[in-house]
Amino acid sequence: MSKAKILITRKWPQSVEAELMKHYDVQCNDSDVAMTVDDLRAALGEYDAILPTVTDNMGAAVFETATIRTKAICNYGVGFSHIDVPAAQAAGITVTNTPDVLSECTADIAMTLMLMVARRAGEGEREVRAGAWSGWRPTHLIGKKASNKKVGIVGFGRIGQEFARRAHFGFNCEIFVQNRSQVAQNKLDAFNATQVPDLETLFQTCDVVSLHCPGGAANRHLINADIMAQSKSGLILINTARGEVVDEAALAQALQNGTIGGAGLDVFDGEPNIMSDTLNAPSIVMLPHLGSATDETRVEMGMRAMENLNAIMTGKAPRDPVT
C-alpha cells in the first residue's frame, strides 16, 4: 500500500521530520521560505495532508481550486488565524492545531519582555555593544521594579494562566483578567486573580497588560488608540499573542507621546515586515517571534501535529480539531 503524501511547509526539527518519513511520503520545503498562495493552492491538489505554520497564508483564496486532494491541515502551532477554517471545512478538510505544548515557553517570553521593558534591558544591551557605556552612575537607565505590580492579562487560556503563575508566584504581582467569557472561579482563585468587565477597566487599573488572546478578524486592533488613551500612567504593554491584535501605528504614537510607558512585542502585524514607526518608537523591546522557540517545545509541537495527522489518516477523530 502506498504511503499518504504529506507536505511540510517549513523546516521542522529534524527528529520530527525523520519520524514523519517513517510513515508517510514526505515533501519538505528545504528552502525554508514561506510558500505563496499559488504554491499552497497547488499543494491542495497534490498532497493528502499539509502541515503549515503561522507563516503560511491559507486564506480563502487558497481553497479556490477545483481539485482538492488534501484531507487534513495539521497546523504547527496553537494559533490558526492564518487559515480560513470555514473555507477548509467546506472543502472537506479537517484542521487541527497544537495547544498545550507551548504554553509555558510562550509565558516565559512574555515574562522576559516584561522584565526587559521594565528594567530597560534592551537599551542597556545596545549601549554596551555600541561601546557607549561610560560606567555605573546613579541616574543611568533608571527603570521600574517588576515585583508587586498590578498585572492585567487579556485572554485567560492556558498561556494566560501560565503567565499569571509566573507574575503572581514569582514576582508577587496582583493579577487582573479580562476575558471574553466568565472565567471559572477556581481558575481565578489559583492566582488570587480578579476578572474585570472590559479592557478600559484593565488598562486604567494595571501597571502591565499582557496579551494572550486569539488573533484573527474578530480581534484585529483590539488594542487601539482609544484603549491606550485610557492607560494608567507608565503602563507597559506586552504582546505575545498575534500581531494584528495591536494597532501598531497607534502603539508607536502612544509610545512617542508617553500615553503608555513601554512595550514588549514578540509578534507583529505583517511580520516579518515591521513598520518603521514601530522600529523607531522609544521604550520598546522587540523579539523575532520566539514564544515557542525551545528545543523541547518545537519538537513537542511537531509530535502533536503528527499525532493529529495519524488519527485523521486512520479514520479517527484527531485530538485537537479546530472548530
# chains A, B, ... in the order shown; residues from 1 in each chain; ligands from 1
>>> closest_atom_pairs(of="stretch 231-283 of chain A", to="stretch 290-299 of chain A", cutoff="10 Å", atoms="only C-alpha atoms", output="CSV")
residue,atom,partner,partner_atom,distance
A:Thr240,CA,A:Gly291,CA,6.8
A:Ala241,CA,A:Gly291,CA,9.0
A:Asp266,CA,A:Leu290,CA,6.5
A:Val267,CA,A:Leu290,CA,8.6
>>> write_last_selection(atoms="C-alpha atoms", output="compact mmCIF listing (two decimals), in the first residue's frame")
# COMPACT_ATOMS: atom_id res chain seq x y z
CA THR A 240 2.99 37.51 22.55
CA ALA A 241 -0.43 36.72 21.07
CA ASP A 266 7.22 39.16 20.10
CA VAL A 267 4.68 39.31 17.25
>>> residues_around(residues="A:Ala18", least_positions_apart="2", cutoff="12 Å", atoms="only C-alpha atoms", output="mmCIF file with C-alpha atoms, in the first residue's frame")
data_model
loop_
_atom_site.group_PDB
_atom_site.id
_atom_site.type_symbol
_atom_site.label_atom_id
_atom_site.label_comp_id
_atom_site.auth_asym_id
_atom_site.auth_seq_id
_atom_site.Cartn_x
_atom_site.Cartn_y
_atom_site.Cartn_z
ATOM 1 C CA ILE A 8 5.721 20.177 5.428
ATOM 2 C CA LYS A 11 11.771 23.219 8.114
ATOM 3 C CA TRP A 12 10.795 21.352 11.286
ATOM 4 C CA PRO A 13 13.036 19.819 13.956
ATOM 5 C CA GLN A 14 14.982 17.030 12.285
ATOM 6 C CA SER A 15 13.774 14.372 14.712
ATOM 7 C CA VAL A 16 10.140 15.135 13.866
ATOM 8 C CA LEU A 20 7.109 11.515 9.783
ATOM 9 C CA MET A 21 9.206 9.998 6.996
ATOM 10 C CA LYS A 22 8.882 6.568 8.594
ATOM 11 C CA HIS A 23 5.143 6.598 7.985
ATOM 12 C CA TYR A 24 4.477 8.980 5.091
ATOM 13 C CA ASP A 25 5.741 10.074 1.711
ATOM 14 C CA VAL A 26 7.018 13.452 2.933
ATOM 15 C CA GLN A 27 7.947 16.501 0.890
ATOM 16 C CA CYS A 28 9.858 19.113 2.890
ATOM 17 C CA VAL A 299 9.731 19.021 18.992
ATOM 18 C CA GLY A 302 5.739 18.639 15.738
ATOM 19 C CA MET A 303 4.864 15.432 17.525
ATOM 20 C CA MET A 306 1.824 14.250 13.804
#
>>> residues_around(residues="stretch 179-184 of chain A", least_positions_apart="5", cutoff="7 Å", atoms="only C-alpha atoms", output="list in words")
Val154, Gly155 and Phe156 of chain A
>>> atom_distance(atom1="atom CA of A:Ala311", atom2="atom CA of A:Gly79")
20.4 Å
>>> residues_around(residues="A:Ile260", least_positions_apart="3", cutoff="12 Å", atoms="only C-alpha atoms", output="PyMOL selection string")
chain A and resi 117+203-204+206-209+225+227-238+250-257+263-264+281-284
>>> residues_around(residues="A:Thr314", least_positions_apart="4", cutoff="12 Å", atoms="only C-alpha atoms", output="PyMOL selection string")
chain A and resi 3-4+23+71-72+307-310+318
>>> closest_residue(among="A:Asp38, A:Arg242, A:Gly216, A:His82", to="A:Glu64", atoms="only C-alpha atoms")
A:Asp38
>>> residues_around(residues="A:Asp48", least_positions_apart="6", cutoff="9 Å", atoms="only C-alpha atoms", output="ChimeraX atom specification")
/A:4-7,68-72,313
>>> write_last_selection(atoms="C-alpha atoms", output="mmCIF file, in the first residue's frame")
data_model
loop_
_atom_site.group_PDB
_atom_site.id
_atom_site.type_symbol
_atom_site.label_atom_id
_atom_site.label_comp_id
_atom_site.auth_asym_id
_atom_site.auth_seq_id
_atom_site.Cartn_x
_atom_site.Cartn_y
_atom_site.Cartn_z
ATOM 1 C CA ALA A 4 -0.024 9.084 2.147
ATOM 2 C CA LYS A 5 1.672 12.091 0.592
ATOM 3 C CA ILE A 6 2.461 14.870 3.069
ATOM 4 C CA LEU A 7 3.785 18.428 2.646
ATOM 5 C CA ILE A 68 -8.591 19.208 -3.732
ATOM 6 C CA ARG A 69 -6.880 16.039 -2.600
ATOM 7 C CA THR A 70 -5.979 17.234 0.880
ATOM 8 C CA LYS A 71 -7.961 15.797 3.778
ATOM 9 C CA ALA A 72 -6.016 17.290 6.681
ATOM 10 C CA MET A 313 -5.170 9.301 8.213
#
>>> residues_around(residues="A:Thr205", least_positions_apart="4", cutoff="9 Å", atoms="only C-alpha atoms", output="list in words")
Lys150, Val151, Gly152, Phe176, Glu200, Thr201, Ser231 and Lys232 of chain A
>>> select_by_dssp(residues="stretch 80-127 of chain A", states="alpha helix (DSSP H)", output="list in words")
Val85, Pro86, Ala87, Ala88, Gln89, Ala90, Ser103, Glu104, Cys105, Thr106, Ala107, Asp108, Ile109, Ala110, Met111, Thr112, Leu113, Met114, Leu115, Met116, Val117, Ala118, Ala121, Gly122, Glu123, Gly124, Glu125, Arg126 and Glu127 of chain A
>>> write_last_selection(atoms="N, CA and C atoms", output="PDB file, in the first residue's frame")
ATOM      1  N   VAL A  85     -10.575  28.679   8.257  1.00  0.00           N
ATOM      2  CA  VAL A  85     -11.097  27.378   8.695  1.00  0.00           C
ATOM      3  C   VAL A  85     -12.434  27.045   8.034  1.00  0.00           C
ATOM      4  N   PRO A  86     -13.395  27.984   7.945  1.00  0.00           N
ATOM      5  CA  PRO A  86     -14.647  27.643   7.247  1.00  0.00           C
ATOM      6  C   PRO A  86     -14.425  27.222   5.802  1.00  0.00           C
ATOM      7  N   ALA A  87     -13.512  27.893   5.099  1.00  0.00           N
ATOM      8  CA  ALA A  87     -13.235  27.516   3.708  1.00  0.00           C
ATOM      9  C   ALA A  87     -12.619  26.126   3.639  1.00  0.00           C
ATOM     10  N   ALA A  88     -11.744  25.813   4.582  1.00  0.00           N
ATOM     11  CA  ALA A  88     -11.138  24.486   4.610  1.00  0.00           C
ATOM     12  C   ALA A  88     -12.190  23.416   4.888  1.00  0.00           C
ATOM     13  N   GLN A  89     -13.043  23.683   5.866  1.00  0.00           N
ATOM     14  CA  GLN A  89     -14.074  22.708   6.218  1.00  0.00           C
ATOM     15  C   GLN A  89     -15.065  22.516   5.079  1.00  0.00           C
ATOM     16  N   ALA A  90     -15.379  23.596   4.370  1.00  0.00           N
ATOM     17  CA  ALA A  90     -16.288  23.490   3.229  1.00  0.00           C
ATOM     18  C   ALA A  90     -15.694  22.626   2.121  1.00  0.00           C
ATOM     19  N   SER A 103       2.555  26.453  25.964  1.00  0.00           N
ATOM     20  CA  SER A 103       2.052  27.435  26.932  1.00  0.00           C
ATOM     21  C   SER A 103       3.151  27.976  27.845  1.00  0.00           C
ATOM     22  N   GLU A 104       3.973  27.091  28.397  1.00  0.00           N
ATOM     23  CA  GLU A 104       4.988  27.525  29.344  1.00  0.00           C
ATOM     24  C   GLU A 104       6.046  28.392  28.674  1.00  0.00           C
ATOM     25  N   CYS A 105       6.515  27.975  27.491  1.00  0.00           N
ATOM     26  CA  CYS A 105       7.573  28.733  26.830  1.00  0.00           C
ATOM     27  C   CYS A 105       7.086  30.102  26.365  1.00  0.00           C
ATOM     28  N   THR A 106       5.848  30.184  25.894  1.00  0.00           N
ATOM     29  CA  THR A 106       5.321  31.480  25.483  1.00  0.00           C
ATOM     30  C   THR A 106       5.137  32.394  26.687  1.00  0.00           C
ATOM     31  N   ALA A 107       4.702  31.835  27.804  1.00  0.00           N
ATOM     32  CA  ALA A 107       4.599  32.634  29.032  1.00  0.00           C
ATOM     33  C   ALA A 107       5.972  33.104  29.491  1.00  0.00           C
ATOM     34  N   ASP A 108       6.992  32.276  29.302  1.00  0.00           N
ATOM     35  CA  ASP A 108       8.361  32.686  29.642  1.00  0.00           C
ATOM     36  C   ASP A 108       8.789  33.903  28.824  1.00  0.00           C
ATOM     37  N   ILE A 109       8.457  33.889  27.520  1.00  0.00           N
ATOM     38  CA  ILE A 109       8.841  35.019  26.673  1.00  0.00           C
ATOM     39  C   ILE A 109       8.079  36.276  27.076  1.00  0.00           C
ATOM     40  N   ALA A 110       6.809  36.138  27.429  1.00  0.00           N
ATOM     41  CA  ALA A 110       6.052  37.298  27.905  1.00  0.00           C
ATOM     42  C   ALA A 110       6.696  37.881  29.156  1.00  0.00           C
ATOM     43  N   MET A 111       7.121  36.994  30.069  1.00  0.00           N
ATOM     44  CA  MET A 111       7.784  37.479  31.280  1.00  0.00           C
ATOM     45  C   MET A 111       9.133  38.100  30.956  1.00  0.00           C
ATOM     46  N   THR A 112       9.852  37.506  29.994  1.00  0.00           N
ATOM     47  CA  THR A 112      11.122  38.088  29.552  1.00  0.00           C
ATOM     48  C   THR A 112      10.921  39.510  29.056  1.00  0.00           C
ATOM     49  N   LEU A 113       9.898  39.709  28.226  1.00  0.00           N
ATOM     50  CA  LEU A 113       9.616  41.040  27.691  1.00  0.00           C
ATOM     51  C   LEU A 113       9.228  42.010  28.801  1.00  0.00           C
ATOM     52  N   MET A 114       8.411  41.542  29.733  1.00  0.00           N
ATOM     53  CA  MET A 114       8.005  42.401  30.853  1.00  0.00           C
ATOM     54  C   MET A 114       9.234  42.884  31.619  1.00  0.00           C
ATOM     55  N   LEU A 115      10.161  41.988  31.909  1.00  0.00           N
ATOM     56  CA  LEU A 115      11.359  42.350  32.656  1.00  0.00           C
ATOM     57  C   LEU A 115      12.276  43.261  31.843  1.00  0.00           C
ATOM     58  N   MET A 116      12.416  42.953  30.557  1.00  0.00           N
ATOM     59  CA  MET A 116      13.295  43.757  29.710  1.00  0.00           C
ATOM     60  C   MET A 116      12.800  45.190  29.580  1.00  0.00           C
ATOM     61  N   VAL A 117      11.481  45.344  29.407  1.00  0.00           N
ATOM     62  CA  VAL A 117      10.935  46.702  29.282  1.00  0.00           C
ATOM     63  C   VAL A 117      11.041  47.437  30.618  1.00  0.00           C
ATOM     64  N   ALA A 118      10.647  46.775  31.690  1.00  0.00           N
ATOM     65  CA  ALA A 118      10.656  47.426  32.997  1.00  0.00           C
ATOM     66  C   ALA A 118      12.059  47.876  33.396  1.00  0.00           C
ATOM     67  N   ALA A 121      16.373  46.761  29.666  1.00  0.00           N
ATOM     68  CA  ALA A 121      17.473  45.862  29.332  1.00  0.00           C
ATOM     69  C   ALA A 121      17.875  45.959  27.863  1.00  0.00           C
ATOM     70  N   GLY A 122      16.893  46.160  26.983  1.00  0.00           N
ATOM     71  CA  GLY A 122      17.230  46.289  25.570  1.00  0.00           C
ATOM     72  C   GLY A 122      18.121  47.492  25.312  1.00  0.00           C
ATOM     73  N   GLU A 123      17.772  48.630  25.916  1.00  0.00           N
ATOM     74  CA  GLU A 123      18.580  49.832  25.757  1.00  0.00           C
ATOM     75  C   GLU A 123      19.991  49.629  26.310  1.00  0.00           C
ATOM     76  N   GLY A 124      20.062  48.988  27.465  1.00  0.00           N
ATOM     77  CA  GLY A 124      21.355  48.759  28.087  1.00  0.00           C
ATOM     78  C   GLY A 124      22.243  47.839  27.270  1.00  0.00           C
ATOM     79  N   GLU A 125      21.659  46.781  26.722  1.00  0.00           N
ATOM     80  CA  GLU A 125      22.437  45.833  25.924  1.00  0.00           C
ATOM     81  C   GLU A 125      22.979  46.508  24.665  1.00  0.00           C
ATOM     82  N   ARG A 126      22.144  47.329  24.027  1.00  0.00           N
ATOM     83  CA  ARG A 126      22.601  48.041  22.827  1.00  0.00           C
ATOM     84  C   ARG A 126      23.711  49.041  23.162  1.00  0.00           C
ATOM     85  N   GLU A 127      23.601  49.683  24.312  1.00  0.00           N
ATOM     86  CA  GLU A 127      24.616  50.653  24.720  1.00  0.00           C
ATOM     87  C   GLU A 127      25.962  49.982  24.938  1.00  0.00           C
TER      88      GLU A 127
END
>>> select_by_dssp(residues="stretch 138-201 of chain A", states="strand (DSSP E)", output="JSON, numbers by chain")
{"A": [150, 151, 152, 153, 154, 174, 175, 176, 177, 178, 194, 195]}
>>> write_last_selection(atoms="C-alpha atoms", output="CSV table (one decimal), in the first residue's frame")
chain,number,residue,atom,x,y,z
A,150,LYS,CA,-0.8,45.1,39.1
A,151,VAL,CA,-0.7,42.9,36.1
A,152,GLY,CA,-3.5,42.6,33.6
A,153,ILE,CA,-4.0,39.6,31.3
A,154,VAL,CA,-6.2,39.7,28.2
A,174,GLU,CA,-1.7,41.2,41.7
A,175,ILE,CA,-3.5,39.7,38.8
A,176,PHE,CA,-6.4,41.1,36.9
A,177,VAL,CA,-8.1,39.3,34.0
A,178,GLN,CA,-10.2,40.4,31.0
A,194,THR,CA,-9.8,39.4,39.7
A,195,GLN,CA,-11.8,39.4,36.5
>>> atom_distance(atom1="atom CA of A:Arg166", atom2="atom CA of A:Met286")
20.6 Å
>>> closest_residue(among="A:Ile83, A:Val78, A:Val37, A:Ile274", to="A:Leu102", atoms="only C-alpha atoms")
A:Val78
